[in-house]
Amino acid sequence: MRDVYKGYVTGEKPNPDTHVIASFRFHARDAANAAQAIAAESSVGTWTELSTMKPRIRKRLAAKVFRLDAKNGAAEIAYPLALFEPGNAPQLLSDVAGNVFGMRELDSLRLEDLQVPKAYAKSFKGPAVGLEGVRKMLGTGKSRRPHFGTIVKPKVGLTPKENAEVGFESFVGGMDFLKDDENLSSQSFSPFEERVVRMLESVDRAESETGERKMYAPNVTAETGEMVRRAEFVKSQGGTCIMVDIVTAGFSGLQSVRNAGLKLPIHAHRAMYAAFARNPDHGISMMVLARLARMVGVDQLHTGAIVGKMEGSKHEVLGLNAWLRDKWHSFRPVFPVASGGIDPLRVPSLLAIAGTELVINAGGGIHGHPDGTRAGAMAFRQAYDAWRMGIPLEEYAKGHKELAAAFRKWGGRRIGVTE
């Protein structure tokens with residue numbers, strides 16, 4: 001063990017009101033040395049002794065390993081609150097999850113969880129409206145049914161006029177919510193401002209025709225200043241929601257949009273998240289991302305579909321969803337979003353597993369319907385009605401041609417669930 005990393009272990013459990021507490025898993029040749037290296041490198045230490053180190057600095061700011069499981073490669077590390085600038089999510093990550101992931105003492109490192117004290121959490125705004133606020137906006141507070149959403153497909157290439165027509169068909173077919181795809185921003189074929197104006201016109205038309213409230217979340221992801229400008233434009237046009245790719249935009253961008261005071265719910269997409277989370281032994285867990293996103297202020301967050309095409313175990317997704325809906329400090333609950341590879345036939349299985357406090361988002365499962373977008377949306381609502389009434393889908397489809405057509409297209413697909 002390098003002598004420079006000695007002294008970062010304590011047998012005393014820290015005060016959670018005065019420390020940020022991080023839970024790590026790791027693989028290392030020397031577990032004790034590795035855990036202390038993490039604590040040192042992410043607080044006051046480095047690879048060598050420092051002539052500039054003052055005893056008062058180490059005493060006040062050194063992180064401490066207060067739980068070490070050398071056999072299983074796990075450690076909990078406490079960071080004095082004074083290390084962190086209030087209301088600065090990027091600095092929090094730079095500290096706790098910065099250089100440590102590249103240290104030679106570690107073969108792999110996983111940040112599994114992050115607990116922050118109330119005093120620090122209060123420096124962030126949290127969700128603007130939260131789960132209940134979104135339900136109120138769409139008028140589903142009493143029914144508590146799931147929200148049904150879609151993504152216009154193809155994800156790129158449609159003109160604003162074409163995009164808006166697909167949106168209208170989705171809404172009239174029964175969708176509550178529509179968002180842009182994660183890689184649609186303001187390309188030459190679909191300028192942002194024109195797309196927003198046309199889609200909001202479709203929202204108005206659909207609300208008049210159906211008597212139901214509808215919500216559109218344009219993707220404002222861009223350079224930070226441009227993101228704020230786009231969000232302000234959405235607000236000025238009467239829009240009621242925005243979408244941010246929170247990983248690629250970064251927490252500075254997300255904070256800038258949230259802190260602009262627009263009071264627009266933020267639909268948070270996690271595009272690129274798997275790049276640092278897919279390997280279960282290395283990277284940052286979805287729980288950490290969820291804690292940061294909720295603290296900064298998202299109102300809806302993609303967590304996984306369980307029965308869809310994306311990776312994510314049933315145990316992990318249900319745990320995330322429950323936590324997002326539960327009380328945490330003073331922050332409003334967040335609406336979990338299930339998305340990725342969902343067609344109408346998967347809806348009953350998803351609801352049976354995850355419940356109805358959920359946004360169910362489908363792209364190909366709606367626009368891939370043999371009879372078009374409106375029929376695809378209708379099939380989704382029919383699948384929900386069948387589940388709600390306890391009627392087997394096959395039986396319900398006999399009297400509902402849209403659901404029957406969905407069976408003809410997707411009936412051979414298996415629903416796989418990873419525990």
# chains A, B, ... in the order shown; residues from 1 in each chain; ligands from 1

$ closest_atom_pairs --of "range 108-214 of chain A" --to "range 32-42 of chain A" --cutoff "12 Å" --atoms "only C-alpha atoms" --output "CSV"
residue,atom,partner,partner_atom,distance
A:Ser108,CA,A:Ala34,CA,10.4
A:Leu109,CA,A:Ile38,CA,9.6
A:Arg110,CA,A:Ile38,CA,11.5
A:Leu111,CA,A:Ile38,CA,11.1

$ residues_around --residues "Phe407 in chain A" --least-positions-apart "5" --cutoff "9 Å" --atoms "only C-alpha atoms" --output "list in words"
Pro344, Leu345, Glu394, Ala397, Glu402 and Gly412 of chain A

$ write_last_selection --atoms "C-alpha atoms" --output "PDB file, in the first residue's frame"
ATOM      1  CA  PRO A 344     -49.842  -2.794 -27.757  1.00  0.00           C
ATOM      2  CA  LEU A 345     -49.486  -6.476 -26.909  1.00  0.00           C
ATOM      3  CA  GLU A 394     -57.141 -12.099 -27.635  1.00  0.00           C
ATOM      4  CA  ALA A 397     -59.349  -7.999 -29.998  1.00  0.00           C
ATOM      5  CA  GLU A 402     -57.126  -2.028 -34.357  1.00  0.00           C
ATOM      6  CA  GLY A 412     -45.359 -13.716 -32.615  1.00  0.00           C
TER       7      GLY A 412
END

$ atom_distance --atom1 "CA of Arg346 in chain A" --atom2 "CA of Val247 in chain A"
27.9 Å

$ closest_residue --among "A:Asp326, A:Glu169, A:Glu85, A:Glu12" --to "Ile366 in chain A" --atoms "only C-alpha atoms"
A:Glu169

$ closest_residue --among "A:Pro218, A:Pro127, A:Pro117, A:Gly225" --to "Val298 in chain A" --atoms "only C-alpha atoms"
A:Pro127

$ closest_atom_pairs --of "range 14-94 of chain A" --to "range 274-295 of chain A" --cutoff "9 Å" --atoms "only C-alpha atoms" --output "tab-separated table"
residue	atom	partner	partner_atom	distance
A:Arg25	CA	A:Asp281	CA	7.4
A:Phe26	CA	A:Asp281	CA	7.0
A:His27	CA	A:Asp281	CA	8.0
A:Ala89	CA	A:Leu292	CA	7.3

$ closest_atom_pairs --of "range 146-217 of chain A" --to "range 249-268 of chain A" --cutoff "12 Å" --atoms "only C-alpha atoms" --output "tab-separated table"
residue	atom	partner	partner_atom	distance
A:Gly149	CA	A:His267	CA	11.6
A:Phe177	CA	A:His267	CA	10.6
A:Leu178	CA	A:His267	CA	10.5
A:Lys179	CA	A:His267	CA	8.4
A:Asp180	CA	A:His267	CA	10.4
A:Asp181	CA	A:His267	CA	11.6
A:Glu182	CA	A:Ala268	CA	9.9
A:Asn183	CA	A:Ala249	CA	11.8
A:Met215	CA	A:Pro265	CA	10.4
A:Tyr216	CA	A:His267	CA	10.0
A:Ala217	CA	A:His267	CA	7.0

$ closest_residue --among "A:Met227, A:Val44, A:Met103, A:Ala377" --to "Gly363 in chain A" --atoms "only C-alpha atoms"
A:Ala377

$ atom_distance --atom1 "CA of Thr159 in chain A" --atom2 "CA of Met243 in chain A"
19.3 Å

$ closest_atom_pairs --of "range 227-269 of chain A" --to "range 191-195 of chain A" --cutoff "9 Å" --atoms "only C-alpha atoms" --output "Markdown table"
| residue | atom | partner | partner_atom | distance |
| --- | --- | --- | --- | --- |
| A:Arg230 | CA | A:Glu193 | CA | 8.1 |
| A:Phe233 | CA | A:Glu193 | CA | 7.7 |
| A:Val234 | CA | A:Glu193 | CA | 8.3 |

$ residues_around --residues "Phe148 in chain A" --least-positions-apart "5" --cutoff "7 Å" --atoms "only C-alpha atoms" --output "PDB file with C-alpha atoms, in the first residue's frame"
ATOM      1  CA  MET A 175     -52.144   9.465 -27.019  1.00  0.00           C
ATOM      2  CA  ASP A 176     -51.822  11.978 -24.169  1.00  0.00           C
ATOM      3  CA  PHE A 177     -48.234  12.946 -24.765  1.00  0.00           C
ATOM      4  CA  VAL A 359     -45.808   7.186 -18.702  1.00  0.00           C
ATOM      5  CA  ILE A 360     -45.809   4.499 -21.401  1.00  0.00           C
ATOM      6  CA  ASN A 361     -43.951   5.765 -24.465  1.00  0.00           C
TER       7      ASN A 361
END

$ select_by_dssp --residues "range 133-322 of chain A" --states "strand (DSSP E or B)" --output "PyMOL selection string"
chain A and resi 147-151+177-179+187+190+215-217+219+242-245+266-269+283-284+300-302

$ select_by_dssp --residues "range 16-140 of chain A" --states "helix (DSSP H, G or I)" --output "PyMOL selection string"
chain A and resi 31-41+55-61+81-83+89-96+99-102+118-121+130-138

$ residues_around --residues "Ala63 in chain A" --least-positions-apart "5" --cutoff "7 Å" --atoms "only C-alpha atoms" --output "number ranges by chain"
A: 8, 39-40, 43, 77-80

$ atom_distance --atom1 "CA of Arg67 in chain A" --atom2 "CA of Phe101 in chain A"
19.4 Å

$ residues_around --residues "Leu403 in chain A" --least-positions-apart "2" --cutoff "9 Å" --atoms "only C-alpha atoms" --output "PDB file with C-alpha atoms, in the first residue's frame"
ATOM      1  CA  PRO A 344     -49.842  -2.794 -27.757  1.00  0.00           C
ATOM      2  CA  LEU A 345     -49.486  -6.476 -26.909  1.00  0.00           C
ATOM      3  CA  ALA A 375     -54.977   2.885 -35.427  1.00  0.00           C
ATOM      4  CA  GLY A 376     -51.732   2.201 -33.533  1.00  0.00           C
ATOM      5  CA  MET A 378     -56.192   3.241 -30.637  1.00  0.00           C
ATOM      6  CA  ALA A 379     -54.732  -0.256 -30.215  1.00  0.00           C
ATOM      7  CA  PHE A 380     -52.718   0.972 -27.240  1.00  0.00           C
ATOM      8  CA  GLN A 382     -57.717  -0.784 -26.323  1.00  0.00           C
ATOM      9  CA  ALA A 383     -54.969  -2.883 -24.758  1.00  0.00           C
ATOM     10  CA  LEU A 393     -56.271  -9.378 -25.140  1.00  0.00           C
ATOM     11  CA  GLU A 394     -57.141 -12.099 -27.635  1.00  0.00           C
ATOM     12  CA  TYR A 396     -60.939  -8.153 -26.547  1.00  0.00           C
ATOM     13  CA  ALA A 397     -59.349  -7.999 -29.998  1.00  0.00           C
ATOM     14  CA  LYS A 398     -62.323  -9.859 -31.492  1.00  0.00           C
ATOM     15  CA  GLY A 399     -64.414  -6.704 -31.172  1.00  0.00           C
ATOM     16  CA  HIS A 400     -61.651  -4.167 -31.818  1.00  0.00           C
ATOM     17  CA  LYS A 401     -60.103  -4.235 -35.267  1.00  0.00           C
ATOM     18  CA  ALA A 405     -54.383  -5.880 -36.526  1.00  0.00           C
ATOM     19  CA  ALA A 406     -51.700  -5.406 -33.859  1.00  0.00           C
ATOM     20  CA  PHE A 407     -51.962  -9.112 -33.099  1.00  0.00           C
ATOM     21  CA  ARG A 408     -51.438  -9.958 -36.745  1.00  0.00           C
TER      22      ARG A 408
END

$ closest_residue --among "A:Gly239, A:Ala271, A:Val347, A:Val334" --to "Ile306 in chain A" --atoms "only C-alpha atoms"
A:Val347

$ closest_residue --among "A:Ile391, A:Cys241, A:Leu358, A:Ala62" --to "Arg144 in chain A" --atoms "only C-alpha atoms"
A:Leu358

$ residues_around --residues "Val244 in chain A" --least-positions-apart "5" --cutoff "6 Å" --atoms "only C-alpha atoms" --output "PDB file with N, CA and C atoms, in the first residue's frame"
ATOM      1  N   ASN A 219     -37.781  18.755 -28.211  1.00  0.00           N
ATOM      2  CA  ASN A 219     -36.423  18.545 -27.716  1.00  0.00           C
ATOM      3  C   ASN A 219     -35.636  19.843 -27.845  1.00  0.00           C
ATOM      4  N   VAL A 220     -35.329  20.464 -26.718  1.00  0.00           N
ATOM      5  CA  VAL A 220     -34.606  21.741 -26.731  1.00  0.00           C
ATOM      6  C   VAL A 220     -33.099  21.555 -26.612  1.00  0.00           C
ATOM      7  N   THR A 221     -32.623  20.311 -26.582  1.00  0.00           N
ATOM      8  CA  THR A 221     -31.204  20.032 -26.334  1.00  0.00           C
ATOM      9  C   THR A 221     -30.310  20.719 -27.358  1.00  0.00           C
ATOM     10  N   ALA A 268     -37.155  14.164 -19.213  1.00  0.00           N
ATOM     11  CA  ALA A 268     -35.721  13.864 -19.245  1.00  0.00           C
ATOM     12  C   ALA A 268     -35.447  12.556 -19.978  1.00  0.00           C
TER      13      ALA A 268
END

$ closest_residue --among "A:Gln115, A:Ser313, A:Thr10, A:Asn321" --to "Ala22 in chain A" --atoms "only C-alpha atoms"
A:Gln115
